[in-house]
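Undergrad: Next comes the structure file target.cif, holding mmCIF, C-alpha atoms and all ligand atoms.
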data_run
loop_
_atom_site.label_atom_id
_atom_site.label_comp_id
_atom_site.auth_asym_id
_atom_site.auth_seq_id
_atom_site.Cartn_x
_atom_site.Cartn_y
_atom_site.Cartn_z
CA MET H 953 20.47 6.50 5.75
CA ASN H 954 21.21 2.94 4.72
CA THR H 955 20.57 0.99 7.93
CA GLY H 956 19.75 1.37 11.63
CA THR H 957 16.73 0.36 13.67
CA ALA H 958 13.32 0.57 12.00
CA LEU H 959 9.88 0.20 13.53
CA ILE H 960 7.42 -1.32 11.07
CA ALA H 961 3.82 -0.63 12.10
CA GLY H 962 1.80 -3.44 10.55
CA GLY H 963 4.96 -5.54 10.17
CA ARG H 964 3.62 -8.41 12.24
CA THR H 965 0.55 -9.27 10.15
CA GLY H 966 0.03 -6.81 7.27
CA LEU H 967 0.48 -7.65 3.56
CA LEU H 968 2.87 -4.76 2.93
CA GLY H 969 4.19 -4.62 6.50
CA GLN H 970 5.57 -8.16 6.33
CA ALA H 971 7.16 -7.49 2.94
CA LEU H 972 8.88 -4.42 4.42
CA VAL H 973 10.19 -6.52 7.32
CA HIS H 974 11.55 -9.13 4.88
CA VAL H 975 13.20 -6.67 2.50
CA MET H 976 14.61 -4.36 5.17
CA GLN H 977 16.02 -7.23 7.20
CA GLN H 978 17.81 -8.45 4.06
CA ALA H 979 19.15 -4.91 3.55
CA GLY H 980 20.69 -4.98 7.04
CA TRP H 981 18.13 -3.04 9.06
CA THR H 982 17.35 -4.08 12.64
CA ILE H 983 13.60 -4.54 12.62
CA LEU H 984 11.04 -4.04 15.36
CA ALA H 985 7.52 -5.17 14.47
CA PRO H 986 5.49 -5.28 17.67
CA GLY H 987 1.91 -6.50 17.53
CA ARG H 988 -1.11 -4.52 18.76
CA ASP H 989 -0.82 -6.18 22.17
CA GLU H 990 2.81 -5.03 22.62
CA LEU H 991 2.72 -1.39 21.56
CA ASP H 992 -0.18 1.08 21.41
CA LEU H 993 0.57 3.14 18.30
CA PHE H 994 -2.07 5.69 19.35
CA ASP H 995 -0.35 6.40 22.69
CA LEU H 996 1.95 9.37 22.06
CA ARG H 997 3.92 8.99 25.32
CA GLN H 998 4.39 5.23 24.87
CA MET H 999 5.52 5.75 21.28
CA GLU H 1000 8.08 8.39 22.27
CA ASN H 1001 9.55 6.13 24.93
CA TYR H 1002 9.66 3.16 22.57
CA ILE H 1003 11.41 5.19 19.87
CA ARG H 1004 13.97 6.64 22.29
CA ILE H 1005 14.74 3.38 24.11
CA ASN H 1006 15.19 1.48 20.85
CA ASN H 1007 16.96 4.29 19.01
CA VAL H 1008 14.49 4.03 16.11
CA LYS H 1009 15.71 5.86 12.98
CA LEU H 1010 12.80 5.06 10.68
CA LEU H 1011 9.13 4.32 11.22
CA ALA H 1012 7.21 2.70 8.35
CA ASN H 1013 3.46 2.98 8.71
CA ALA H 1014 1.78 0.05 6.95
CA VAL H 1015 -1.17 0.06 9.36
CA ALA H 1016 -4.47 1.10 7.85
CA PHE H 1017 -8.16 0.39 7.75
CA THR H 1018 -8.04 -1.36 4.35
CA GLY H 1019 -11.56 -2.78 4.09
CA VAL H 1020 -12.78 -0.56 1.26
CA ASP H 1021 -16.45 -1.61 1.49
CA GLN H 1022 -16.39 -2.06 5.26
CA ALA H 1023 -15.21 1.54 5.65
CA GLU H 1024 -18.55 2.76 4.26
CA ASP H 1025 -20.21 1.34 7.40
CA GLU H 1026 -17.34 1.98 9.84
CA GLN H 1027 -16.44 5.53 8.95
CA GLN H 1028 -15.26 6.48 12.43
CA GLU H 1029 -12.82 3.58 12.71
CA ALA H 1030 -11.58 4.18 9.15
CA TYR H 1031 -10.74 7.81 10.01
CA ARG H 1032 -9.20 6.79 13.33
CA LEU H 1033 -6.72 4.50 11.57
CA ASN H 1034 -6.23 6.33 8.27
CA ARG H 1035 -6.17 9.96 9.46
CA ASP H 1036 -5.72 10.11 13.25
CA LEU H 1037 -2.94 7.51 13.45
CA PRO H 1038 -0.76 9.20 10.79
CA ALA H 1039 -1.27 12.48 12.68
CA ILE H 1040 0.06 10.90 15.88
CA LEU H 1041 2.95 9.11 14.16
CA GLY H 1042 3.80 12.30 12.27
CA LYS H 1043 4.04 14.28 15.51
CA VAL H 1044 6.18 11.65 17.23
CA CYS H 1045 8.54 11.34 14.26
CA ARG H 1046 8.83 15.08 13.59
CA GLU H 1047 9.65 15.82 17.23
CA ASN H 1048 12.10 12.95 17.64
CA ASN H 1049 13.98 13.24 14.37
CA VAL H 1050 12.70 9.90 13.05
CA ARG H 1051 12.10 9.35 9.33
CA LEU H 1052 8.46 8.47 8.57
CA LEU H 1053 7.53 6.31 5.61
CA HIS H 1054 3.75 6.46 5.20
CA TYR H 1055 1.65 4.61 2.62
CA SER H 1056 -1.40 5.79 0.74
CA THR H 1057 -3.49 4.64 -2.19
CA ASP H 1058 -4.63 5.14 -5.78
CA TYR H 1059 -8.19 5.30 -4.40
CA VAL H 1060 -7.61 8.99 -3.59
CA PHE H 1061 -8.43 9.56 -7.29
CA ASP H 1062 -11.84 9.58 -8.97
CA GLY H 1063 -10.77 7.70 -12.10
CA LYS H 1064 -11.99 10.33 -14.57
CA LYS H 1065 -8.56 10.66 -16.22
CA GLN H 1066 -7.48 8.43 -19.07
CA THR H 1067 -3.75 8.77 -18.59
CA PRO H 1068 -1.71 7.80 -15.49
CA TYR H 1069 -2.15 9.98 -12.40
CA THR H 1070 0.88 12.00 -11.34
CA THR H 1071 1.57 13.36 -7.86
CA GLU H 1072 0.46 16.76 -9.22
CA ASP H 1073 -3.06 15.57 -10.06
CA GLU H 1074 -5.88 16.69 -7.82
CA PRO H 1075 -7.20 13.85 -5.62
CA ARG H 1076 -10.97 13.43 -5.56
CA PRO H 1077 -11.83 10.23 -3.67
CA LEU H 1078 -15.09 8.39 -4.31
CA SER H 1079 -15.25 6.38 -1.07
CA VAL H 1080 -14.88 6.67 2.71
CA TYR H 1081 -11.67 4.63 2.43
CA GLY H 1082 -10.25 7.00 -0.22
CA ASN H 1083 -11.33 10.09 1.71
CA SER H 1084 -9.87 8.83 4.98
CA LYS H 1085 -6.56 7.92 3.32
CA LEU H 1086 -6.42 11.35 1.69
CA ALA H 1087 -7.12 12.93 5.09
CA GLY H 1088 -4.07 11.01 6.42
CA GLU H 1089 -1.89 12.42 3.64
CA VAL H 1090 -3.18 15.95 4.21
CA VAL H 1091 -2.59 15.85 7.95
CA LEU H 1092 1.03 14.83 7.33
CA MET H 1093 1.72 17.16 4.40
CA LYS H 1094 0.31 20.14 6.33
CA LYS H 1095 3.46 20.12 8.45
CA PRO H 1096 6.04 18.48 6.18
CA TRP H 1097 9.62 17.95 7.30
CA ASP H 1098 12.75 16.52 5.66
CA GLY H 1099 12.11 13.05 7.04
CA LEU H 1100 8.57 12.64 5.68
CA LEU H 1101 7.98 10.32 2.75
CA VAL H 1102 4.41 9.58 1.61
CA ILE H 1103 4.13 6.81 -0.97
CA ARG H 1104 0.94 6.06 -2.87
CA SER H 1105 0.74 2.56 -4.27
CA ALA H 1106 -1.97 0.30 -5.66
CA TRP H 1107 -3.46 -3.16 -6.19
CA LEU H 1108 -0.99 -5.03 -3.97
CA PHE H 1109 -0.12 -8.71 -4.20
CA GLY H 1110 2.72 -10.62 -2.58
CA PRO H 1111 3.71 -13.29 -0.08
CA PHE H 1112 2.87 -13.68 3.64
CA LYS H 1113 -0.88 -12.85 3.47
CA THR H 1114 -3.83 -13.57 1.23
CA ASN H 1115 -4.54 -11.05 -1.52
CA PHE H 1116 -6.47 -10.79 -4.82
CA VAL H 1117 -4.04 -12.98 -6.82
CA HIS H 1118 -3.91 -15.63 -4.10
CA LYS H 1119 -7.72 -15.67 -3.89
CA MET H 1120 -8.13 -16.08 -7.66
CA ILE H 1121 -5.74 -19.04 -7.71
CA SER H 1122 -7.42 -20.63 -4.67
CA MET H 1123 -10.83 -20.27 -6.33
CA ALA H 1124 -9.56 -21.73 -9.62
CA LYS H 1125 -8.36 -24.79 -7.68
CA THR H 1126 -11.96 -25.50 -6.69
CA GLY H 1127 -12.85 -25.68 -10.40
CA LYS H 1128 -15.23 -22.70 -10.23
CA VAL H 1129 -15.68 -20.51 -13.31
CA LEU H 1130 -14.59 -17.05 -12.20
CA SER H 1131 -16.35 -13.82 -13.09
CA VAL H 1132 -14.10 -10.79 -12.70
CA ILE H 1133 -14.58 -7.05 -13.26
CA HIS H 1134 -13.00 -5.74 -16.48
CA ASP H 1135 -14.00 -2.07 -16.34
CA GLN H 1136 -11.68 -1.00 -13.51
CA VAL H 1137 -8.06 -0.48 -14.53
CA GLY H 1138 -5.12 0.05 -12.18
CA SER H 1139 -1.45 -0.62 -11.43
CA PRO H 1140 -0.92 -4.13 -10.02
CA THR H 1141 2.09 -4.00 -7.69
CA CYS H 1142 4.17 -6.58 -5.85
CA THR H 1143 4.70 -5.77 -2.16
CA LEU H 1144 8.33 -6.93 -2.25
CA ASP H 1145 9.07 -4.57 -5.15
CA LEU H 1146 7.24 -1.75 -3.40
CA ALA H 1147 9.33 -2.36 -0.27
CA ARG H 1148 12.58 -2.41 -2.30
CA TYR H 1149 11.68 0.75 -4.23
CA SER H 1150 10.67 2.45 -0.96
CA MET H 1151 14.13 1.70 0.41
CA GLU H 1152 15.70 3.26 -2.68
CA LEU H 1153 13.85 6.49 -1.90
CA VAL H 1154 14.83 6.28 1.78
CA ASN H 1155 18.47 5.83 0.77
CA LYS H 1156 18.26 8.93 -1.43
CA GLU H 1157 17.14 10.82 1.69
CA THR H 1158 14.35 12.39 -0.31
CA SER H 1159 11.03 13.57 1.13
CA GLY H 1160 7.52 14.42 -0.05
CA LEU H 1161 4.89 12.60 -2.07
CA TYR H 1162 5.66 9.75 -4.51
CA HIS H 1163 3.77 7.23 -6.62
CA VAL H 1164 5.45 3.82 -6.52
CA VAL H 1165 3.96 0.96 -8.55
CA ASN H 1166 5.12 -1.76 -10.92
CA LYS H 1167 5.16 -0.76 -14.58
CA GLY H 1168 2.11 -1.27 -16.79
CA GLN H 1169 -1.60 -1.45 -16.19
CA ALA H 1170 -4.37 -4.05 -16.06
CA SER H 1171 -8.02 -4.58 -15.29
CA TRP H 1172 -8.93 -6.91 -12.42
CA CYS H 1173 -9.93 -9.42 -15.09
CA GLU H 1174 -6.55 -9.20 -16.83
CA LEU H 1175 -4.74 -9.54 -13.50
CA ALA H 1176 -6.82 -12.61 -12.64
CA SER H 1177 -6.27 -14.18 -16.10
CA GLU H 1178 -2.51 -13.68 -15.98
CA SER H 1179 -2.42 -15.11 -12.43
CA LEU H 1180 -4.21 -18.27 -13.53
CA ILE H 1181 -1.99 -18.67 -16.60
CA CYS H 1182 1.10 -18.38 -14.37
CA ALA H 1183 -0.35 -20.98 -12.00
CA GLY H 1184 -0.99 -23.37 -14.90
CA PHE H 1185 -4.79 -23.23 -15.05
CA SER H 1186 -6.62 -23.19 -18.35
CA THR H 1187 -9.90 -22.19 -16.67
CA GLY H 1188 -11.59 -19.34 -18.53
CA ILE H 1189 -12.59 -16.14 -16.79
CA THR H 1190 -15.86 -14.37 -17.54
CA PRO H 1191 -15.38 -10.61 -17.76
CA ILE H 1192 -18.14 -8.69 -16.00
CA THR H 1193 -18.83 -4.99 -15.45
CA SER H 1194 -18.86 -3.13 -12.13
CA ARG H 1195 -22.66 -2.98 -12.54
CA ASP H 1196 -22.82 -6.78 -12.61
CA PHE H 1197 -20.95 -6.89 -9.29
CA PRO H 1198 -22.32 -4.11 -7.07
CA GLN H 1199 -20.06 -3.17 -4.18
CA LYS H 1200 -20.82 -0.84 -1.30
CA ALA H 1201 -17.92 1.56 -1.99
CA ARG H 1202 -17.44 3.29 -5.34
CA ARG H 1203 -14.07 2.59 -6.96
CA PRO H 1204 -12.27 4.60 -9.65
CA ALA H 1205 -12.68 3.15 -13.16
CA TYR H 1206 -9.09 4.16 -13.92
CA SER H 1207 -6.44 4.63 -11.23
CA VAL H 1208 -3.14 3.88 -12.96
CA LEU H 1209 -0.32 5.73 -11.18
CA ASP H 1210 2.56 7.48 -12.92
CA ALA H 1211 5.83 6.62 -11.16
CA ALA H 1212 8.00 9.01 -13.21
CA LYS H 1213 9.00 11.04 -10.15
CA PHE H 1214 10.18 7.85 -8.42
CA THR H 1215 12.28 6.95 -11.49
CA MET H 1216 13.72 10.45 -11.74
CA VAL H 1217 14.80 10.60 -8.10
CA SER H 1218 15.87 6.98 -7.54
CA GLY H 1219 17.36 6.42 -11.00
CA SER H 1220 15.48 3.07 -11.11
CA GLN H 1221 12.73 1.84 -13.41
CA ALA H 1222 10.04 -0.21 -11.68
CA ARG H 1223 9.81 -3.60 -13.38
CA PRO H 1224 6.62 -4.68 -15.21
CA TRP H 1225 3.85 -6.09 -13.02
CA VAL H 1226 3.65 -9.25 -15.17
CA GLN H 1227 7.25 -10.10 -14.35
CA ALA H 1228 6.69 -9.50 -10.63
CA LEU H 1229 3.50 -11.58 -10.78
CA HIS H 1230 5.33 -14.53 -12.39
CA ASP H 1231 7.96 -14.49 -9.63
CA TYR H 1232 5.28 -14.37 -6.93
CA VAL H 1233 3.07 -17.11 -8.39
CA PHE H 1234 6.00 -19.45 -9.11
CA LYS H 1235 7.13 -19.14 -5.46
CA LEU H 1236 3.53 -19.67 -4.32
CA GLN H 1237 3.39 -22.93 -6.27
CA GLU H 1238 6.60 -24.29 -4.72
N1 LIG V 1301 -3.68 -3.76 -0.31
C1 LIG V 1301 -3.71 -2.95 -1.34
O1 LIG V 1301 -4.05 -3.34 -2.46
C2 LIG V 1301 -3.30 -1.51 -1.18
C3 LIG V 1301 -3.40 -0.66 -2.30
C4 LIG V 1301 -2.98 0.67 -2.18
C5 LIG V 1301 -2.50 1.14 -0.99
N2 LIG V 1301 -2.44 0.30 0.08
C6 LIG V 1301 -1.96 0.88 1.35
O2 LIG V 1301 -0.84 0.12 1.78
C7 LIG V 1301 -0.80 0.09 3.21
C8 LIG V 1301 -0.73 -1.35 3.68
O3 LIG V 1301 -1.87 -2.04 3.22
P1 LIG V 1301 -2.01 -3.63 3.40
O4 LIG V 1301 -2.86 -4.11 2.29
O5 LIG V 1301 -0.69 -4.21 3.65
O6 LIG V 1301 -2.89 -3.71 4.72
P2 LIG V 1301 -3.35 -4.98 5.55
O7 LIG V 1301 -2.77 -6.23 4.99
O8 LIG V 1301 -4.84 -4.89 5.69
O9 LIG V 1301 -2.67 -4.74 6.95
C9 LIG V 1301 -3.10 -3.73 7.81
C10 LIG V 1301 -2.28 -3.79 9.08
O10 LIG V 1301 -2.83 -2.83 9.98
C11 LIG V 1301 -2.98 -3.45 11.24
N3 LIG V 1301 -4.07 -2.84 12.00
C12 LIG V 1301 -5.36 -2.70 11.61
N4 LIG V 1301 -6.06 -2.12 12.58
C13 LIG V 1301 -5.19 -1.88 13.62
C14 LIG V 1301 -5.32 -1.28 14.89
N5 LIG V 1301 -6.49 -0.80 15.32
N6 LIG V 1301 -4.21 -1.20 15.66
C15 LIG V 1301 -3.04 -1.69 15.24
N7 LIG V 1301 -2.86 -2.27 14.03
C16 LIG V 1301 -3.93 -2.35 13.23
C17 LIG V 1301 -3.32 -4.89 10.91
O11 LIG V 1301 -3.11 -5.67 12.06
P3 LIG V 1301 -4.09 -6.91 12.39
O12 LIG V 1301 -3.68 -8.01 11.45
O13 LIG V 1301 -3.79 -7.19 13.82
O14 LIG V 1301 -5.49 -6.44 12.14
C18 LIG V 1301 -2.34 -5.15 9.78
O15 LIG V 1301 -1.06 -5.46 10.28
C19 LIG V 1301 -2.05 0.84 3.67
O16 LIG V 1301 -1.71 2.17 3.95
C20 LIG V 1301 -2.97 0.80 2.47
O17 LIG V 1301 -3.84 1.89 2.47
C21 LIG V 1301 -2.82 -1.00 0.02
#
For this file, write the structure as structure tokens.
TA:
Amino acid sequence: MNTGTALIAGGRTGLLGQALVHVMQQAGWTILAPGRDELDLFDLRQMENYIRINNVKLLANAVAFTGVDQAEDEQQEAYRLNRDLPAILGKVCRENNVRLLHYSTDYVFDGKKQTPYTTEDEPRPLSVYGNSKLAGEVVLMKKPWDGLLVIRSAWLFGPFKTNFVHKMISMAKTGKVLSVIHDQVGSPTCTLDLARYSMELVNKETSGLYHVVNKGQASWCELASESLICAGFSTGITPITSRDFPQKARRPAYSVLDAAKFTMVSGSQARPWVQALHDYVFKLQE
């Protein structure tokens, strides 16, 4: 499956959704990215009609409730978007022979490991966000089919929408001294790379659960420091602990993802996050 018509849920405004639109359009896909006002993703009948009329071959679900702290207070809405929506999209795709590309997160893990998490590791989320995203995976994997691809990724940065890296650079421009958490370590990942690597898996016609991230690991503090260096700032960053910066939701101290299964199936090595970051920040500066 190299091209055709794809529906990108979240493609109008989302950080990853817009990257998918960009990359897939370049790869020759015809893209549909209706906004909330144009298509009700929760309406099974409307979705079926839309898919049939437009001859949709692939649906990428980059819609989610992504406010990790906010989810602690808005549990019902988090589950509606992160569990109930995948269930609906899964049913529509399964019954209409449409490939479904669904995204999940490193926050399904509790961070107790000290080596990268594989797809075989047992998820144990610490937050409502993590639990609701895991519930979305479970609801899909309960009735798997050949066209179902679930991709966990992490710590996204990239063009089209503000993100952690963009925020750090914007704050540095104001001359503020930044204090950033150093005791949470993860896999920083560029949305454009994630979209490209996702397409490699789609083109292999594989299914199941994958971890897809850029290579390497960093703390939030290291990611912020490298971002500022790339952007030409010499401002220092003060490393702080998670205790110094209390947040409503608990986050894993270590959530690096092992992308070995992706490499084995696609034949590609994800490039290092530092390289992807340099490309992103240089373009941002232009
Ligand atoms: N960002 C990360 O660091 C990260 C890390 C790991 C995994 N992920 C996963 O990657 C995927 C994409 O994340 P993202 O960061 O790109 O998300 P995002 O930028 O927050 O975008 C979420 C998208 O969902 C849409 N949406 C939210 N509520 C909706 C509703 N009720 N009806 C219709 N659309 C709605 C938003 O539309 P509006 O703009 O109209 O609200 C937006 O297009 C998610 O599955 C997330 O769990 C993200």
Undergrad: Using all atoms listed in the file, find each residue with an atom at most 8 Å away from ligand LIG 1301 (chain V) and format the answer as number ranges by chain.
TA: H: 961-970, 987-988, 992-993, 1013-1019, 1033-1034, 1054-1059, 1085, 1104-1109, 1113, 1115
Undergrad: Of the candidates H:Gly1110, H:Gly1088, H:Pro1075, H:Gly1188, which shows the shortest atom-to-atom distance to H:Tyr1031, using all atoms listed in the file?
TA: H:Gly1088
Undergrad: Give me the residues within 7 Å of stretch 1164-1181 of chain H as a PyMOL selection string, counting all atoms listed in the file and dropping any in the same chain fewer than 6 places off.
TA: chain H and resi 1103-1106+1117+1120-1121+1132-1141+1146+1189+1191+1208-1209+1211+1214+1222-1225
Undergrad: Of the residues H:Ile1192, H:Leu1053, H:Leu1037, H:Met1151, which is the one nearest to H:Ser1131, using only C-alpha atoms?
TA: H:Ile1192
Undergrad: Given the choices H:Gly1127, H:Gly1160, H:Pro1068, H:Pro1204, which gets closest to H:Thr1187 if the distance is worked out from all atoms listed in the file?
TA: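 Nearest candidate to H:Thr1187 out of H:Gly1127, H:Gly1160, H:Pro1068, H:Pro1204: H:Gly1127.
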Undergrad: Using only C-alpha atoms, collect all residues at a distance of at most 8 Å from (-7.1, 13.3, 12.8) as written in the file, then present them as a list in words.
TA: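 Nearby residues: Tyr1031, Arg1032, Arg1035, Asp1036, Leu1037, Pro1038, Ala1039, Ala1087, Gly1088 and Val1091 of chain H.
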Undergrad: Restricting the calculation to all atoms listed in the file: of H:Arg1046, H:His1163, H:Lys1064, H:His1118, which residue gets closest to H:Leu1100?
TA: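 Once distances to H:Leu1100 are computed over all atoms listed in the file, the minimum belongs to H:Arg1046.
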Undergrad: I need the residue nearest H:Val1020 from this list: H:Trp981, H:Phe1061, H:Phe1112, H:Tyr1081. Use all atoms listed in the file for the distance.
TA: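 Closest candidate: H:Tyr1081.
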Undergrad: Which residues are near stretch 974-978 of chain H? Cut-off 7 Å, all atoms listed in the file, ignore same chain within fewer than 3 positions. Put them as a PDB file with C-alpha atoms, in the coordinates of the input.
TA:
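Final output, saved to around09.pdb:
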ATOM      1  CA  GLN H 970       5.570  -8.160   6.330  1.00  0.00           C
ATOM      2  CA  ALA H 971       7.160  -7.490   2.940  1.00  0.00           C
ATOM      3  CA  TRP H 981      18.130  -3.040   9.060  1.00  0.00           C
ATOM      4  CA  THR H 982      17.350  -4.080  12.640  1.00  0.00           C
ATOM      5  CA  ILE H 983      13.600  -4.540  12.620  1.00  0.00           C
ATOM      6  CA  LEU H1144       8.330  -6.930  -2.250  1.00  0.00           C
ATOM      7  CA  ALA H1147       9.330  -2.360  -0.270  1.00  0.00           C
ATOM      8  CA  ARG H1148      12.580  -2.410  -2.300  1.00  0.00           C
TER       9      ARG H1148
END
Undergrad: To one decimal in Å, tell me the separation between atom CA of H:Glu990 and atom CA of H:Tyr1149.
TA: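 Taking atom CA of H:Glu990 as the start and atom CA of H:Tyr1149 as the end point, the length is 28.9 Å.
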Undergrad: Record the distance separating atom CA of H:Thr1158 and atom CA of H:Leu1010, expressed in Å with one decimal.
TA: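 Between these atoms lies a distance of 13.3 Å.
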Undergrad: What's the separation between atom CA of H:Ala958 and atom CA of H:Leu1011, in Å to one decimal place?
TA: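 Going from atom CA of H:Ala958 over to atom CA of H:Leu1011, I get 5.7 Å.
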Undergrad: Counting all atoms listed in the file, which residue out of H:Asn1083, H:Tyr1206, H:Ser1220, H:Phe1234 sits closest to H:Glu1024?
TA: H:Asn1083
Undergrad: Could you give me, as a list in words, the residues that sit within 12 Å of (11.3, 6.7, 23.6) in the file's coordinates, counting only C-alpha atoms?
TA: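 Residues with an atom at most 12 Å from (11.3, 6.7, 23.6): Leu991, Asp995, Leu996, Arg997, Gln998, Met999, Glu1000, Asn1001, Tyr1002, Ile1003, Arg1004, Ile1005, Asn1006, Asn1007, Val1008, Lys1009, Val1044, Cys1045, Glu1047, Asn1048, Asn1049 and Val1050 of chain H.
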Undergrad: Could you save those same residues with C-alpha atoms as an mmCIF file, keeping the file's coordinate frame?
TA:
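Final output, again.cif:
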data_model
loop_
_atom_site.group_PDB
_atom_site.id
_atom_site.type_symbol
_atom_site.label_atom_id
_atom_site.label_comp_id
_atom_site.auth_asym_id
_atom_site.auth_seq_id
_atom_site.Cartn_x
_atom_site.Cartn_y
_atom_site.Cartn_z
ATOM 1 C CA LEU H 991 2.720 -1.390 21.560
ATOM 2 C CA ASP H 995 -0.350 6.400 22.690
ATOM 3 C CA LEU H 996 1.950 9.370 22.060
ATOM 4 C CA ARG H 997 3.920 8.990 25.320
ATOM 5 C CA GLN H 998 4.390 5.230 24.870
ATOM 6 C CA MET H 999 5.520 5.750 21.280
ATOM 7 C CA GLU H 1000 8.080 8.390 22.270
ATOM 8 C CA ASN H 1001 9.550 6.130 24.930
ATOM 9 C CA TYR H 1002 9.660 3.160 22.570
ATOM 10 C CA ILE H 1003 11.410 5.190 19.870
ATOM 11 C CA ARG H 1004 13.970 6.640 22.290
ATOM 12 C CA ILE H 1005 14.740 3.380 24.110
ATOM 13 C CA ASN H 1006 15.190 1.480 20.850
ATOM 14 C CA ASN H 1007 16.960 4.290 19.010
ATOM 15 C CA VAL H 1008 14.490 4.030 16.110
ATOM 16 C CA LYS H 1009 15.710 5.860 12.980
ATOM 17 C CA VAL H 1044 6.180 11.650 17.230
ATOM 18 C CA CYS H 1045 8.540 11.340 14.260
ATOM 19 C CA GLU H 1047 9.650 15.820 17.230
ATOM 20 C CA ASN H 1048 12.100 12.950 17.640
ATOM 21 C CA ASN H 1049 13.980 13.240 14.370
ATOM 22 C CA VAL H 1050 12.700 9.900 13.050
#
Undergrad: Can you pull out every residue within 10 Å of H:Val1080, counting all atoms listed in the file, but drop anything in the same chain fewer than 3 positions away, and send it as a PyMOL selection string?
TA: chain H and resi 1020-1028+1030-1031+1059-1060+1077+1083-1086+1201-1202
Undergrad: With C-alpha atoms kept, could you save the residues just selected as a short mmCIF file (atom, residue, chain, number, x, y, z; two decimals), in the frame of the given file?
TA:
data_model
loop_
_atom_site.label_atom_id
_atom_site.label_comp_id
_atom_site.auth_asym_id
_atom_site.auth_seq_id
_atom_site.Cartn_x
_atom_site.Cartn_y
_atom_site.Cartn_z
CA VAL H 1020 -12.78 -0.56 1.26
CA ASP H 1021 -16.45 -1.61 1.49
CA GLN H 1022 -16.39 -2.06 5.26
CA ALA H 1023 -15.21 1.54 5.65
CA GLU H 1024 -18.55 2.76 4.26
CA ASP H 1025 -20.21 1.34 7.40
CA GLU H 1026 -17.34 1.98 9.84
CA GLN H 1027 -16.44 5.53 8.95
CA GLN H 1028 -15.26 6.48 12.43
CA ALA H 1030 -11.58 4.18 9.15
CA TYR H 1031 -10.74 7.81 10.01
CA TYR H 1059 -8.19 5.30 -4.40
CA VAL H 1060 -7.61 8.99 -3.59
CA PRO H 1077 -11.83 10.23 -3.67
CA ASN H 1083 -11.33 10.09 1.71
CA SER H 1084 -9.87 8.83 4.98
CA LYS H 1085 -6.56 7.92 3.32
CA LEU H 1086 -6.42 11.35 1.69
CA ALA H 1201 -17.92 1.56 -1.99
CA ARG H 1202 -17.44 3.29 -5.34
#
Undergrad: Stretch 1026-1032 of chain H, all listed atoms, 5 Å padding on each side: what axis-aligned box centre and edge lengths in Å to one decimal come out, as AutoDock Vina command-line options?
TA:
--center_x -13.3 --center_y 4.9 --center_z 11.1 --size_x 18.1 --size_y 15.8 --size_z 14.4
